[in-house]
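Beneath this line is the structure, given in structure tokens, with notes to follow.
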Amino acid sequence: MAKPTIPTEEYMISGHMACLGCAAPLAMRYLLKALGKRTVVSIPACCWAVIPGVFPYTNLKVPLVYTAFEVTGASISGLRAALDARGIKDVNVVGFAGDGGTADIGIQALSGAVERGENVIYMCYDNEAYMNTGIQRSSLTPFGAWTTTTPVGKTKFWQKTQKKNMVEIMVAHRIPYAATVSVAYPEDFINKVKKAASIEGPKYIHAFAPCPTGWRVPPEKTIEVARLATDTCIFPLYEVEYGKYKITRKVVNKKPVAEYLKMQGRFSYLGEEELKKIQEYVDKEWELLLKKEEITKEW
Ligand SMILES: Cc1ncc(C[n+]2csc(CCOP(=O)(O)OP(=O)(O)O)c2C)c(N)n1
Ligand code: SF4
């Protein structure tokens, strides 16, 4: 029997306040399993501002700094500088923010931290909308999704733009390490976080974290829907180390994207035409990723 590689230590104790089936607590749990107790986490406004409980209660065994929505990148830069000034080098400094806090309102502070080469880890847990305030679209909401600010009704006003590619934005900063992870693949998740911790400079990790409440998926289907996202190539698992791409889960027999979309109420309004458009987009992006891996093989 294969030896389990997931560390048994827990730094997130039971009693969180997330909705049933939420993937965001799993993302934190795996992150901390990989990093251990010498870690400080900075969290802006998002569901994770609620999940640990109300002060003085917390379900984390590591220090946690709450910040304003837009400043995670600046907050982790300051924490790193303060620790360095005291000669403390062995503490992992981590920013942990939702997709809204990362790709929209916090992108400037994040970009600044990466550009300055701060020795920090930034994890975006991506539930593809502003969930904490009631399911509003973000720039990471995928094409075709219903949200409360992209209502469907008679006008079919679902999300009309494609999802912003945060990993590519980070790669364009020449970041030492960027990767995607999913709560459905914990070993891959933990390995990538461990690798990130071993690299000097800024590291960006994009975690796929389904939100049953906002995606209109039964809570017990969280992992199934996350697994399908990777198996359909709509959320591929890969890493980019100093510009070199590596797909860490090679999908040979891609499942149709419709299988993934049809599990979720937020896509239930889409017709054959939209499903075809999404499939074509996903196929193109996957081909591009394969090419990037091929081109950067010798780097
Ligand atoms: C400057 C500012 N604008 C708006 C808010 C209100 N607000 C709090 S949490 C949140 C949504 C966060 O969305 P995201 O970052 O995607 O995380 P999620 O809630 O999905 O976990 C918003 C809009 C705020 N706290 N500060
Ligand atoms: S709204 Fe979604 S992301 Fe937020 S706690 Fe509930 S399930 Fe998790």
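Simple scheme: letters A, B, ... for chains in structure tokens order, numbers from 1 for residues in each chain, numbers from 1 for ligands in the order shown.
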message = Please list as a PyMOL selection string every residue within 6 Å of Thr148 of chain A, counting only C-alpha atoms and excluding residues in the same chain fewer than 2 positions away.
response = chain A and resi 135-136+150-151
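Omitting Val193 of chain A and its sequence neighbours fewer than 2 positions away, and counting only C-alpha atoms, the residues within 8 Å are Leu31, Ala34, Leu35, Phe189, Ile190, Asn191, Lys195, Ala196, Ala197 and Ile205 of chain A.
Nearest-residue note for Asn92 of chain A: choosing from A:Ile278, A:Leu26, A:Leu79, A:Ala129, the minimum distance belongs to A:Leu79, counting only C-alpha atoms.
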message = If DSSP is run on the backbone, what residues of segment 95-292 of chain A are strand (DSSP E or B)? A reply as a PyMOL selection string would be ideal.
response = chain A and resi 95-98+121-126+130+136+147+150+177-182+203-208+238-241+244-247
Produce a file of the selected residues containing N, CA and C atoms, as a short mmCIF file (atom, residue, chain, number, x, y, z; two decimals), in the first residue's frame.
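Final output, saved to selection_10.cif:
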```cif
data_model
loop_
_atom_site.label_atom_id
_atom_site.label_comp_id
_atom_site.auth_asym_id
_atom_site.auth_seq_id
_atom_site.Cartn_x
_atom_site.Cartn_y
_atom_site.Cartn_z
N GLY A 95 -0.14 35.56 2.60
CA GLY A 95 -1.37 36.29 2.33
C GLY A 95 -2.40 35.30 1.84
N PHE A 96 -3.63 35.38 2.35
CA PHE A 96 -4.65 34.40 1.98
C PHE A 96 -5.93 35.18 1.69
N ALA A 97 -6.30 35.26 0.42
CA ALA A 97 -7.41 36.14 0.04
C ALA A 97 -8.31 35.48 -1.00
N GLY A 98 -9.53 35.95 -1.08
CA GLY A 98 -10.46 35.45 -2.09
C GLY A 98 -10.12 36.00 -3.47
N ILE A 121 4.52 34.22 0.60
CA ILE A 121 3.63 33.33 -0.18
C ILE A 121 2.26 34.01 -0.22
N TYR A 122 1.67 34.05 -1.40
CA TYR A 122 0.32 34.59 -1.53
C TYR A 122 -0.57 33.49 -2.07
N MET A 123 -1.63 33.17 -1.35
CA MET A 123 -2.59 32.18 -1.88
C MET A 123 -3.94 32.84 -2.11
N CYS A 124 -4.43 32.69 -3.34
CA CYS A 124 -5.79 33.12 -3.65
C CYS A 124 -6.68 31.89 -3.59
N TYR A 125 -7.68 31.88 -2.71
CA TYR A 125 -8.65 30.77 -2.77
C TYR A 125 -9.79 31.24 -3.66
N ASP A 126 -9.93 30.57 -4.75
CA ASP A 126 -10.79 31.04 -5.84
C ASP A 126 -12.14 30.33 -5.81
N TYR A 130 -17.59 37.17 -5.39
CA TYR A 130 -17.56 37.78 -4.06
C TYR A 130 -18.63 37.07 -3.25
N GLN A 136 -21.62 38.18 -5.66
CA GLN A 136 -21.49 39.14 -6.77
C GLN A 136 -20.34 38.70 -7.68
N THR A 147 -24.61 35.17 -11.32
CA THR A 147 -24.34 35.69 -9.96
C THR A 147 -25.44 36.72 -9.70
N THR A 150 -24.84 39.38 -12.11
CA THR A 150 -24.99 38.95 -13.51
C THR A 150 -26.24 38.05 -13.55
N TYR A 177 7.96 31.62 -8.50
CA TYR A 177 7.12 30.41 -8.47
C TYR A 177 5.64 30.78 -8.46
N ALA A 178 4.90 30.18 -9.40
CA ALA A 178 3.44 30.33 -9.42
C ALA A 178 2.86 28.95 -9.71
N ALA A 179 1.71 28.67 -9.11
CA ALA A 179 1.12 27.34 -9.32
C ALA A 179 -0.38 27.38 -9.10
N THR A 180 -1.05 26.39 -9.69
CA THR A 180 -2.46 26.18 -9.38
C THR A 180 -2.57 24.93 -8.51
N VAL A 181 -3.51 24.94 -7.60
CA VAL A 181 -3.79 23.77 -6.77
C VAL A 181 -5.30 23.63 -6.64
N SER A 182 -5.74 22.45 -6.22
CA SER A 182 -7.18 22.23 -6.04
C SER A 182 -7.41 21.45 -4.76
N LYS A 203 5.98 34.13 -4.02
CA LYS A 203 5.38 32.92 -4.59
C LYS A 203 3.87 33.12 -4.63
N TYR A 204 3.25 32.72 -5.73
CA TYR A 204 1.80 32.88 -5.88
C TYR A 204 1.16 31.52 -6.11
N ILE A 205 0.15 31.19 -5.32
CA ILE A 205 -0.55 29.90 -5.49
C ILE A 205 -2.05 30.16 -5.63
N HIS A 206 -2.61 29.62 -6.69
CA HIS A 206 -4.02 29.85 -7.00
C HIS A 206 -4.81 28.57 -6.69
N ALA A 207 -5.64 28.64 -5.65
CA ALA A 207 -6.32 27.42 -5.17
C ALA A 207 -7.79 27.38 -5.62
N PHE A 208 -8.16 26.32 -6.28
CA PHE A 208 -9.54 26.12 -6.72
C PHE A 208 -10.38 25.67 -5.52
N TYR A 238 -0.95 22.96 -12.63
CA TYR A 238 0.40 23.15 -13.16
C TYR A 238 1.18 24.11 -12.30
N GLU A 239 2.48 24.17 -12.57
CA GLU A 239 3.31 25.13 -11.84
C GLU A 239 4.25 25.79 -12.82
N VAL A 240 4.72 26.96 -12.46
CA VAL A 240 5.66 27.70 -13.30
C VAL A 240 6.82 28.13 -12.40
N GLU A 241 7.98 27.46 -12.60
CA GLU A 241 9.13 27.73 -11.73
C GLU A 241 10.15 28.50 -12.54
N LYS A 244 9.49 28.22 -16.17
CA LYS A 244 9.36 26.88 -16.76
C LYS A 244 8.04 26.25 -16.33
N TYR A 245 7.23 25.88 -17.32
CA TYR A 245 5.90 25.33 -17.04
C TYR A 245 5.97 23.81 -16.83
N LYS A 246 5.21 23.35 -15.87
CA LYS A 246 5.08 21.89 -15.70
C LYS A 246 3.64 21.57 -15.31
N ILE A 247 2.99 20.76 -16.15
CA ILE A 247 1.62 20.33 -15.82
C ILE A 247 1.75 19.16 -14.85
#
```
task = Using only C-alpha atoms, determine which residues lie at most 10 Å from segment 53-56 of chain A, disregarding the query and same-chain residues fewer than 2 positions distant; provide the list as a ChimeraX atom specification.
result = /A:15-18,48-51,58-60
key: Test item: residues no farther than 7 Å from ligand 1, counting only C-alpha atoms and all ligand atoms, as a list in words   = Ala45, Cys46, Cys47, Trp48, Ala68, Phe69, Glu70, Ala97, Gly98, Asp99, Gly100, Gly101, Thr102, Asn127, Glu128, Ala129, Tyr130, Met131, Asn132, Thr133 and Ser138 of chain A
Take the residues that were just selected and, keeping N, CA, C and O atoms, output them as an mmCIF file, in the first residue's frame.
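again.cif, freshly written:
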```cif
data_model
loop_
_atom_site.group_PDB
_atom_site.id
_atom_site.type_symbol
_atom_site.label_atom_id
_atom_site.label_comp_id
_atom_site.auth_asym_id
_atom_site.auth_seq_id
_atom_site.Cartn_x
_atom_site.Cartn_y
_atom_site.Cartn_z
ATOM 1 N N ALA A 45 -10.823 41.204 4.074
ATOM 2 C CA ALA A 45 -12.263 40.947 4.060
ATOM 3 C C ALA A 45 -12.567 39.866 3.027
ATOM 4 O O ALA A 45 -12.114 39.952 1.893
ATOM 5 N N CYS A 46 -13.275 38.855 3.425
ATOM 6 C CA CYS A 46 -13.665 37.736 2.540
ATOM 7 C C CYS A 46 -14.359 36.704 3.429
ATOM 8 O O CYS A 46 -14.514 36.943 4.630
ATOM 9 N N CYS A 47 -14.784 35.585 2.890
ATOM 10 C CA CYS A 47 -15.423 34.569 3.732
ATOM 11 C C CYS A 47 -14.481 34.120 4.847
ATOM 12 O O CYS A 47 -14.909 33.820 5.957
ATOM 13 N N TRP A 48 -13.182 34.100 4.535
ATOM 14 C CA TRP A 48 -12.238 33.648 5.556
ATOM 15 C C TRP A 48 -12.062 34.649 6.691
ATOM 16 O O TRP A 48 -11.388 34.371 7.685
ATOM 17 N N ALA A 68 -7.566 45.365 5.765
ATOM 18 C CA ALA A 68 -8.596 45.859 4.857
ATOM 19 C C ALA A 68 -8.523 45.080 3.541
ATOM 20 O O ALA A 68 -7.514 44.460 3.209
ATOM 21 N N PHE A 69 -9.603 45.132 2.808
ATOM 22 C CA PHE A 69 -9.825 44.319 1.611
ATOM 23 C C PHE A 69 -8.671 44.399 0.595
ATOM 24 O O PHE A 69 -8.261 43.400 0.014
ATOM 25 N N GLU A 70 -8.148 45.632 0.415
ATOM 26 C CA GLU A 70 -7.249 45.865 -0.716
ATOM 27 C C GLU A 70 -5.767 45.761 -0.395
ATOM 28 O O GLU A 70 -4.932 46.009 -1.279
ATOM 29 N N ALA A 97 -6.301 35.257 0.422
ATOM 30 C CA ALA A 97 -7.413 36.138 0.041
ATOM 31 C C ALA A 97 -8.306 35.481 -0.997
ATOM 32 O O ALA A 97 -7.869 34.585 -1.739
ATOM 33 N N GLY A 98 -9.527 35.948 -1.080
ATOM 34 C CA GLY A 98 -10.465 35.454 -2.092
ATOM 35 C C GLY A 98 -10.120 36.004 -3.471
ATOM 36 O O GLY A 98 -9.196 36.811 -3.630
ATOM 37 N N ASP A 99 -10.900 35.576 -4.458
ATOM 38 C CA ASP A 99 -10.613 36.019 -5.833
ATOM 39 C C ASP A 99 -10.911 37.509 -6.021
ATOM 40 O O ASP A 99 -10.202 38.203 -6.748
ATOM 41 N N GLY A 100 -11.917 38.032 -5.336
ATOM 42 C CA GLY A 100 -12.216 39.470 -5.433
ATOM 43 C C GLY A 100 -11.085 40.282 -4.836
ATOM 44 O O GLY A 100 -10.594 41.244 -5.429
ATOM 45 N N GLY A 101 -10.635 39.858 -3.652
ATOM 46 C CA GLY A 101 -9.551 40.540 -2.956
ATOM 47 C C GLY A 101 -8.229 40.413 -3.675
ATOM 48 O O GLY A 101 -7.315 41.210 -3.456
ATOM 49 N N THR A 102 -8.110 39.421 -4.537
ATOM 50 C CA THR A 102 -6.851 39.185 -5.251
ATOM 51 C C THR A 102 -6.860 39.822 -6.637
ATOM 52 O O THR A 102 -6.001 40.631 -6.966
ATOM 53 N N ASN A 127 -13.169 31.069 -5.367
ATOM 54 C CA ASN A 127 -14.535 30.521 -5.420
ATOM 55 C C ASN A 127 -15.351 31.241 -6.500
ATOM 56 O O ASN A 127 -16.561 31.144 -6.556
ATOM 57 N N GLU A 128 -14.632 32.012 -7.319
ATOM 58 C CA GLU A 128 -15.158 32.594 -8.555
ATOM 59 C C GLU A 128 -16.264 33.643 -8.362
ATOM 60 O O GLU A 128 -17.064 33.860 -9.266
ATOM 61 N N ALA A 129 -16.311 34.271 -7.205
ATOM 62 C CA ALA A 129 -17.231 35.415 -6.997
ATOM 63 C C ALA A 129 -16.961 36.032 -5.624
ATOM 64 O O ALA A 129 -16.193 35.490 -4.834
ATOM 65 N N TYR A 130 -17.590 37.171 -5.385
ATOM 66 C CA TYR A 130 -17.558 37.784 -4.055
ATOM 67 C C TYR A 130 -18.631 37.072 -3.254
ATOM 68 O O TYR A 130 -19.813 37.449 -3.319
ATOM 69 N N MET A 131 -18.255 36.038 -2.520
ATOM 70 C CA MET A 131 -19.259 35.202 -1.858
ATOM 71 C C MET A 131 -19.709 35.779 -0.533
ATOM 72 O O MET A 131 -20.890 35.721 -0.180
ATOM 73 N N ASN A 132 -18.771 36.364 0.217
ATOM 74 C CA ASN A 132 -19.080 36.822 1.567
ATOM 75 C C ASN A 132 -20.189 37.857 1.601
ATOM 76 O O ASN A 132 -20.961 37.942 2.550
ATOM 77 N N THR A 133 -20.272 38.647 0.531
ATOM 78 C CA THR A 133 -21.289 39.702 0.506
ATOM 79 C C THR A 133 -22.493 39.319 -0.345
ATOM 80 O O THR A 133 -23.314 40.172 -0.687
ATOM 81 N N SER A 138 -16.929 38.564 -9.833
ATOM 82 C CA SER A 138 -15.588 39.148 -9.767
ATOM 83 C C SER A 138 -14.977 38.968 -11.154
ATOM 84 O O SER A 138 -15.596 38.392 -12.047
#
```
query = DSSP says alpha helix (DSSP H) for which residues of segment 25-206 of chain A? Put them as an MDAnalysis selection string?
reply = chainID A and resid 25:35 72:85 99 107:115 166:172 186:198
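Counting only C-alpha atoms and comparing A:Ala209, A:Leu110, A:Leu261, A:Met28, the residue that lies closest to Ile234 of chain A is A:Leu261.
Each of A:Met1, A:Val114, A:Ala82, A:Val225 was compared to Pro176 of chain A using only C-alpha atoms, and A:Val114 turns out to be the nearest.
Between atom CA of Glu187 of chain A and atom CA of Arg249 of chain A lies a distance of 11.5 Å.
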Using only C-alpha atoms, determine which residues lie at most 12 Å from Pro218 of chain A, disregarding the query and same-chain residues fewer than 3 positions distant; provide the list as a PDB file with C-alpha atoms, in the first residue's frame.
```pdb
ATOM      1  CA  CYS A  19     -21.195  26.980   5.112  1.00  0.00           C
ATOM      2  CA  LEU A  20     -21.653  23.234   4.818  1.00  0.00           C
ATOM      3  CA  GLY A  21     -19.369  21.745   2.168  1.00  0.00           C
ATOM      4  CA  CYS A  22     -17.276  24.898   1.704  1.00  0.00           C
ATOM      5  CA  PRO A 210     -15.785  25.556  -4.880  1.00  0.00           C
ATOM      6  CA  CYS A 211     -18.508  27.394  -2.981  1.00  0.00           C
ATOM      7  CA  PRO A 212     -21.621  25.169  -2.798  1.00  0.00           C
ATOM      8  CA  THR A 213     -23.736  28.159  -1.734  1.00  0.00           C
ATOM      9  CA  GLY A 214     -22.813  30.392  -4.657  1.00  0.00           C
ATOM     10  CA  TRP A 215     -22.380  27.679  -7.265  1.00  0.00           C
ATOM     11  CA  LYS A 221     -20.485  17.430  -4.176  1.00  0.00           C
ATOM     12  CA  THR A 222     -17.678  19.928  -3.469  1.00  0.00           C
ATOM     13  CA  ILE A 223     -14.803  17.558  -4.130  1.00  0.00           C
ATOM     14  CA  GLU A 224     -16.554  15.906  -7.089  1.00  0.00           C
ATOM     15  CA  VAL A 225     -17.089  19.259  -8.806  1.00  0.00           C
ATOM     16  CA  MET A 263     -23.591  19.902 -11.988  1.00  0.00           C
ATOM     17  CA  GLN A 264     -24.002  23.550 -11.019  1.00  0.00           C
ATOM     18  CA  GLY A 265     -27.154  25.642 -10.755  1.00  0.00           C
TER      19      GLY A 265
END
```
query = For Val120 of chain A, which residue out of A:Glu294, A:Asp84, A:Glu200, A:Asp104 is the nearest one, using only C-alpha atoms?
reply = A:Glu200
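Distances to Arg174 of chain A were evaluated for A:Lys154, A:Lys33, A:Arg116, A:Arg38 using only C-alpha atoms, and the minimum falls at A:Arg116.
Candidate residues A:Glu220, A:Glu168, A:Glu10, A:Glu298 were compared for distance to ligand 2, and the nearest is A:Glu220, using only C-alpha atoms and all ligand atoms.
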ask   = So how many Å separate atom CA of Val62 of chain A and atom CA of Gly36 of chain A, to one decimal?
value = 8.7 Å
message = What's around Val282 of chain A at 10 Å? Count only C-alpha atoms, leave out sequence neighbours fewer than 2 positions away in its own chain, and write the answer as a ChimeraX atom specification.
response = /A:232-236,256-257,276-280,284-288
query = Near Ser139 of chain A, counting only C-alpha atoms, which residues have an atom at most 7 Å away, once you skip same-chain residues fewer than 5 positions from it, shown as a PyMOL selection string?
reply = chain A and resi 103-104+163-164
